[in-house]
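Structure file data_25.cif; described as mmCIF, C-alpha atoms.
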data_final
#
loop_
_atom_site.label_atom_id
_atom_site.label_comp_id
_atom_site.auth_asym_id
_atom_site.auth_seq_id
_atom_site.Cartn_x
_atom_site.Cartn_y
_atom_site.Cartn_z
CA MET B 18 -158.73 100.50 40.12
CA VAL B 19 -160.87 99.08 37.35
CA SER B 20 -159.58 96.08 35.40
CA ASP B 21 -159.80 95.62 31.65
CA ALA B 22 -162.24 92.75 32.22
CA GLU B 23 -164.50 95.05 34.23
CA LEU B 24 -164.37 97.70 31.51
CA GLU B 25 -165.18 95.06 28.89
CA ALA B 26 -168.16 93.96 30.96
CA PHE B 27 -169.13 97.63 31.37
CA LEU B 28 -169.13 98.03 27.57
CA ASP B 29 -171.33 94.93 27.30
CA GLU B 30 -173.60 96.18 30.13
CA ALA B 31 -172.94 92.87 31.84
CA LEU B 32 -172.28 94.12 35.36
CA PRO B 33 -174.68 94.52 38.26
CA ALA B 34 -176.32 97.95 38.34
CA GLU B 35 -174.28 99.09 41.37
CA GLU B 36 -171.01 98.21 39.64
CA MET B 37 -172.11 99.95 36.42
CA ALA B 38 -172.86 103.09 38.44
CA ARG B 39 -169.50 102.90 40.24
CA ILE B 40 -167.60 102.70 36.96
CA GLU B 41 -169.65 105.55 35.46
CA ARG B 42 -168.70 107.73 38.47
CA LEU B 43 -165.04 106.82 38.03
CA LEU B 44 -165.20 107.63 34.33
CA ARG B 45 -166.48 111.12 35.16
CA GLU B 46 -163.67 111.65 37.67
CA ARG B 47 -160.69 110.08 35.89
CA PRO B 48 -159.73 111.07 32.32
CA GLU B 49 -157.11 108.28 32.17
CA LEU B 50 -159.90 105.72 32.69
CA VAL B 51 -161.89 107.27 29.83
CA GLN B 52 -158.76 106.92 27.66
CA LYS B 53 -158.37 103.26 28.70
CA LEU B 54 -162.03 102.60 27.87
CA ALA B 55 -161.61 104.26 24.47
CA GLU B 56 -158.56 102.07 23.75
CA LEU B 57 -160.50 98.93 24.67
CA GLN B 58 -163.36 99.98 22.43
CA ALA B 59 -160.95 100.71 19.57
CA ARG B 60 -159.33 97.29 20.00
CA ARG B 61 -162.76 95.65 19.91
CA ASP B 62 -163.70 97.57 16.80
CA SER B 63 -160.43 96.66 15.07
CA GLY B 64 -161.23 92.96 15.31
CA VAL B 65 -158.63 91.99 17.93
CA HIS B 66 -160.60 89.84 20.34
CA SER B 67 -159.82 87.32 22.99
CA LEU B 68 -161.85 84.13 23.29
CA GLY B 69 -163.43 85.50 26.47
CA GLU B 70 -164.47 88.71 24.72
CA ILE B 71 -166.10 86.78 21.88
CA TRP B 72 -167.85 84.51 24.39
CA ARG B 73 -169.27 87.48 26.31
CA ARG B 74 -170.14 89.64 23.32
CA HIS B 75 -172.08 86.90 21.54
CA ARG B 76 -173.61 85.60 24.78
CA ILE B 77 -172.63 82.03 23.97
CA SER B 78 -173.51 80.79 27.46
CA CYS B 79 -176.96 82.45 27.42
CA PRO B 80 -179.96 80.15 26.92
CA SER B 81 -182.28 81.15 24.08
CA ARG B 82 -185.54 82.97 24.71
CA GLU B 83 -187.39 79.76 23.81
CA THR B 84 -185.40 77.86 26.43
CA TRP B 85 -186.29 80.51 29.03
CA GLY B 86 -189.94 80.04 28.04
CA SER B 87 -189.62 76.31 28.60
CA PHE B 88 -187.90 77.04 31.92
CA LEU B 89 -190.93 79.10 33.03
CA LEU B 90 -193.25 76.24 32.08
CA GLY B 91 -191.11 73.74 34.01
CA ALA B 92 -190.34 71.88 30.79
CA VAL B 93 -186.54 71.70 31.03
CA ASP B 94 -184.70 68.80 32.63
CA PRO B 95 -183.40 69.31 36.19
CA ASP B 96 -179.75 69.63 35.14
CA MET B 97 -180.59 72.33 32.62
CA ALA B 98 -182.78 74.14 35.17
CA ALA B 99 -179.89 74.10 37.66
CA ALA B 100 -177.53 75.53 35.04
CA MET B 101 -180.08 78.22 34.21
CA HIS B 102 -180.46 79.13 37.90
CA LEU B 103 -176.66 79.38 38.13
CA HIS B 104 -176.59 81.61 35.04
CA LEU B 105 -179.18 83.94 36.57
CA GLU B 106 -178.17 83.98 40.21
CA VAL B 107 -174.41 83.42 40.28
CA VAL B 108 -173.29 84.78 36.93
CA GLY B 109 -175.98 87.45 37.19
CA CYS B 110 -176.50 87.77 33.44
CA ARG B 111 -178.52 90.96 33.06
CA TYR B 112 -179.48 90.06 29.50
CA CYS B 113 -181.10 86.80 30.59
CA GLN B 114 -182.62 88.40 33.68
CA ALA B 115 -184.31 90.95 31.42
CA ASN B 116 -185.43 88.24 28.99
CA LEU B 117 -186.92 86.17 31.82
CA ALA B 118 -188.63 89.21 33.37
CA ASP B 119 -190.19 90.05 30.00
CA LEU B 120 -191.46 86.50 29.53
CA GLN B 121 -192.86 86.49 33.07
CA SER B 122 -194.69 89.78 32.46
CA GLN B 123 -196.14 88.40 29.23
CA GLN B 124 -197.25 85.30 31.09
CA THR B 125 -198.88 87.42 33.82
CA GLU B 126 -200.59 89.70 31.30
CA ALA B 127 -201.75 86.73 29.24
CA ALA B 128 -203.86 85.18 32.03
CA PRO B 129 -206.46 88.00 32.28
CA ALA B 130 -206.56 88.30 28.49
CA ALA B 131 -207.22 84.57 28.11
CA GLU B 132 -209.97 84.72 30.74
CA ASP B 133 -211.57 87.70 28.96
CA ARG B 134 -211.42 85.83 25.64
CA ARG B 135 -213.08 82.75 27.19
CA ARG B 136 -215.84 84.93 28.68
CA ARG B 137 -216.49 86.63 25.34
CA TYR B 138 -216.65 83.24 23.56
CA PHE B 139 -219.07 81.95 26.15
CA ASP B 140 -221.22 85.11 25.96
CA SER B 141 -221.32 84.98 22.17
CA THR B 142 -222.43 81.33 22.01
CA THR B 143 -224.97 81.12 24.85
CA GLY B 144 -227.86 81.89 22.50
CA TYR B 145 -226.94 78.95 20.27
CA LEU B 146 -226.84 76.31 22.97
CA PRO B 147 -229.91 74.10 23.33
CA ARG B 148 -232.07 74.96 26.32
CA GLY B 149 -232.50 72.31 29.00
CA LYS B 150 -235.84 70.46 29.14
#

What would you get if you wrote out this structure as C-alpha coordinates?
Amino acid sequence: MVSDAELEAFLDEALPAEEMARIERLLRERPELVQKLAELQARRDSGVHSLGEIWRRHRISCPSRETWGSFLLGAVDPDMAAAMHLHLEVVGCRYCQANLADLQSQQTEAAPAAEDRRRRYFDSTTGYLPRGK
(Lines of atoms letter the chains of each structure in order from A and count residues from 1; the text may use other names and numbers.)
(Lines give C-alpha, C1' and ligand atoms only; values in the text may rest on other atoms or scores of the structure.)
Protein backbone atom coordinates (compact mmCIF):
# COMPACT_ATOMS: atom_id res chain seq x y z
CA MET A 1 0.00 0.00 0.00
CA VAL A 2 1.05 3.59 -0.52
CA SER A 3 0.97 5.97 2.45
CA ASP A 4 -0.29 9.54 2.38
CA ALA A 5 3.27 10.73 3.00
CA GLU A 6 4.46 8.81 -0.07
CA LEU A 7 1.67 10.31 -2.17
CA GLU A 8 2.55 13.78 -0.90
CA ALA A 9 6.17 13.19 -1.86
CA PHE A 10 4.97 11.87 -5.23
CA LEU A 11 3.06 15.13 -5.81
CA ASP A 12 6.21 17.07 -4.92
CA GLU A 13 8.36 14.79 -7.14
CA ALA A 14 10.51 14.19 -4.10
CA LEU A 15 10.92 10.43 -4.35
CA PRO A 16 13.66 8.41 -6.02
CA ALA A 17 12.91 7.66 -9.67
CA GLU A 18 12.20 3.97 -8.99
CA GLU A 19 9.64 4.85 -6.32
CA MET A 20 8.00 7.45 -8.57
CA ALA A 21 7.66 4.80 -11.29
CA ARG A 22 6.22 2.26 -8.83
CA ILE A 23 3.55 4.71 -7.67
CA GLU A 24 2.71 5.68 -11.26
CA ARG A 25 2.16 1.97 -12.08
CA LEU A 26 -0.08 1.59 -9.03
CA LEU A 27 -2.06 4.67 -10.01
CA ARG A 28 -2.76 3.12 -13.42
CA GLU A 29 -3.90 -0.13 -11.82
CA ARG A 30 -5.90 1.11 -8.81
CA PRO A 31 -8.70 3.67 -9.18
CA GLU A 32 -9.04 3.98 -5.39
CA LEU A 33 -5.42 5.21 -5.23
CA VAL A 34 -6.18 7.82 -7.90
CA GLN A 35 -9.13 8.96 -5.75
CA LYS A 36 -6.88 9.16 -2.66
CA LEU A 37 -4.33 11.20 -4.60
CA ALA A 38 -7.07 13.55 -5.83
CA GLU A 39 -8.29 14.03 -2.23
CA LEU A 40 -4.76 14.85 -1.06
CA GLN A 41 -4.35 17.35 -3.88
CA ALA A 42 -7.71 18.94 -3.07
CA ARG A 43 -6.74 19.23 0.60
CA ARG A 44 -3.46 20.88 -0.39
CA ASP A 45 -5.26 23.29 -2.68
CA SER A 46 -7.81 24.18 0.02
CA GLY A 47 -5.06 25.45 2.30
CA VAL A 48 -5.17 22.68 4.92
CA HIS A 49 -1.51 21.83 5.43
CA SER A 50 0.54 20.09 8.03
CA LEU A 51 3.87 21.51 9.13
CA GLY A 52 5.62 18.67 7.29
CA GLU A 53 3.78 19.45 4.07
CA ILE A 54 4.73 23.12 4.26
CA TRP A 55 8.34 22.17 5.01
CA ARG A 56 8.52 19.87 1.98
CA ARG A 57 6.58 22.06 -0.43
CA HIS A 58 8.69 25.16 0.25
CA ARG A 59 11.92 23.16 0.46
CA ILE A 60 12.88 24.80 3.73
CA SER A 61 15.74 22.37 4.35
CA CYS A 62 17.20 22.86 0.85
CA PRO A 63 20.36 24.97 0.58
CA SER A 64 20.16 27.86 -1.88
CA ARG A 65 21.70 27.65 -5.34
CA GLU A 66 24.38 30.09 -4.19
CA THR A 67 25.22 27.81 -1.26
CA TRP A 68 25.52 24.85 -3.66
CA GLY A 69 27.89 26.97 -5.76
CA SER A 70 30.01 27.64 -2.69
CA PHE A 71 29.88 23.92 -1.89
CA LEU A 72 31.33 23.13 -5.34
CA LEU A 73 34.13 25.63 -4.76
CA GLY A 74 34.90 24.13 -1.34
CA ALA A 75 33.97 27.40 0.33
CA VAL A 76 31.53 26.12 2.97
CA ASP A 77 32.58 25.13 6.47
CA PRO A 78 32.97 21.40 7.18
CA ASP A 79 29.77 21.15 9.25
CA MET A 80 27.72 22.73 6.48
CA ALA A 81 29.37 20.49 3.87
CA ALA A 82 28.49 17.42 5.96
CA ALA A 83 24.87 18.57 6.23
CA MET A 84 24.77 19.16 2.48
CA HIS A 85 26.16 15.67 1.81
CA LEU A 86 23.48 14.25 4.11
CA HIS A 87 20.81 16.23 2.26
CA LEU A 88 21.98 14.84 -1.09
CA GLU A 89 22.87 11.28 -0.20
CA VAL A 90 20.60 10.29 2.68
CA VAL A 91 17.56 12.50 2.15
CA GLY A 92 18.06 12.15 -1.60
CA CYS A 93 16.57 15.54 -2.45
CA ARG A 94 16.02 15.40 -6.20
CA TYR A 95 15.61 19.17 -6.40
CA CYS A 96 19.06 19.79 -4.92
CA GLN A 97 20.60 16.93 -6.90
CA ALA A 98 19.34 18.59 -10.09
CA ASN A 99 20.56 22.00 -8.94
CA LEU A 100 24.02 20.62 -8.15
CA ALA A 101 24.20 18.71 -11.45
CA ASP A 102 23.31 21.90 -13.34
CA LEU A 103 25.98 23.90 -11.52
CA GLN A 104 28.55 21.15 -12.18
CA SER A 105 27.71 21.12 -15.89
CA GLN A 106 28.06 24.91 -16.03
CA GLN A 107 31.40 24.63 -14.28
CA THR A 108 32.56 21.95 -16.74
CA GLU A 109 31.35 23.93 -19.76
CA ALA A 110 32.92 27.12 -18.42
CA ALA A 111 36.50 25.78 -18.43
CA PRO A 112 36.84 25.38 -22.24
CA ALA A 113 35.05 28.69 -22.80
CA ALA A 114 37.44 30.48 -20.44
CA GLU A 115 40.45 28.90 -22.16
CA ASP A 116 39.10 29.95 -25.57
CA ARG A 117 38.57 33.51 -24.30
CA ARG A 118 42.15 33.66 -22.95
CA ARG A 119 43.51 32.41 -26.29
CA ARG A 120 41.53 35.01 -28.23
CA TYR A 121 42.74 37.79 -25.90
CA PHE A 122 46.31 36.64 -26.32
CA ASP A 123 45.96 36.37 -30.13
CA SER A 124 44.41 39.83 -30.36
CA THR A 125 47.17 41.53 -28.34
CA THR A 126 50.32 39.82 -29.64
CA GLY A 127 50.87 42.51 -32.27
CA TYR A 128 50.87 45.23 -29.61
CA LEU A 129 53.49 43.68 -27.36
CA PRO A 130 57.04 45.02 -27.67
CA ARG A 131 59.39 42.70 -29.51
CA GLY A 132 62.37 41.33 -27.59
CA LYS A 133 65.80 42.83 -28.37

Residues in the PyMOL selection byres ((chain B and resi 29) around 12), expressed as a JSON list (two decimals) with C-alpha atoms, in the coordinates of the input:
[["chain", "number", "residue", "atom", "x", "y", "z"],
["B", 22, "ALA", "CA", -162.24, 92.75, 32.22],
["B", 23, "GLU", "CA", -164.50, 95.05, 34.23],
["B", 24, "LEU", "CA", -164.37, 97.70, 31.51],
["B", 25, "GLU", "CA", -165.18, 95.06, 28.89],
["B", 26, "ALA", "CA", -168.16, 93.96, 30.96],
["B", 27, "PHE", "CA", -169.13, 97.63, 31.37],
["B", 28, "LEU", "CA", -169.13, 98.03, 27.57],
["B", 30, "GLU", "CA", -173.60, 96.18, 30.13],
["B", 31, "ALA", "CA", -172.94, 92.87, 31.84],
["B", 32, "LEU", "CA", -172.28, 94.12, 35.36],
["B", 33, "PRO", "CA", -174.68, 94.52, 38.26],
["B", 37, "MET", "CA", -172.11, 99.95, 36.42],
["B", 57, "LEU", "CA", -160.50, 98.93, 24.67],
["B", 58, "GLN", "CA", -163.36, 99.98, 22.43],
["B", 61, "ARG", "CA", -162.76, 95.65, 19.91],
["B", 70, "GLU", "CA", -164.47, 88.71, 24.72],
["B", 71, "ILE", "CA", -166.10, 86.78, 21.88],
["B", 72, "TRP", "CA", -167.85, 84.51, 24.39],
["B", 73, "ARG", "CA", -169.27, 87.48, 26.31],
["B", 74, "ARG", "CA", -170.14, 89.64, 23.32],
["B", 75, "HIS", "CA", -172.08, 86.90, 21.54],
["B", 76, "ARG", "CA", -173.61, 85.60, 24.78],
["B", 110, "CYS", "CA", -176.50, 87.77, 33.44],
["B", 111, "ARG", "CA", -178.52, 90.96, 33.06],
["B", 112, "TYR", "CA", -179.48, 90.06, 29.50]]

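Closest approach to B:Leu89 among B:Ala34, B:Leu120, B:Ala115, B:Leu54 is made by B:Leu120 (distances from all atoms listed in the file).
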
The PyMOL selection byres ((chain B and resi 121) around 12) on the file shown: which residues, as a list in words?
-> Arg82, Trp85, Gly86, Ser87, Phe88, Leu89, Leu90, Gln114, Ala115, Asn116, Leu117, Ala118, Asp119, Leu120, Ser122, Gln123, Gln124, Thr125, Glu126, Ala127 and Ala128 of chain B

Could you check which of B:Arg135, B:Arg42, B:Arg60, B:His104 is closest to B:Val19, using all atoms listed in the file?
-> B:Arg42

What gap, in Å, lies between atom CA of B:Met18 and atom CA of B:Cys79?
-> 28.6 Å

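The gap separating atom CA of B:Ser63 from atom CA of B:Glu49 is 20.9 Å, in Å to one decimal.
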
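Taking atom CA of B:Pro129 and atom CA of B:His102 as endpoints, the distance between them is 28.0 Å.
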
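Nearest to B:Cys113 of all the residues B:Asp96, B:Asp133, B:Glu83, B:Glu56 is B:Glu83, counting all atoms listed in the file.
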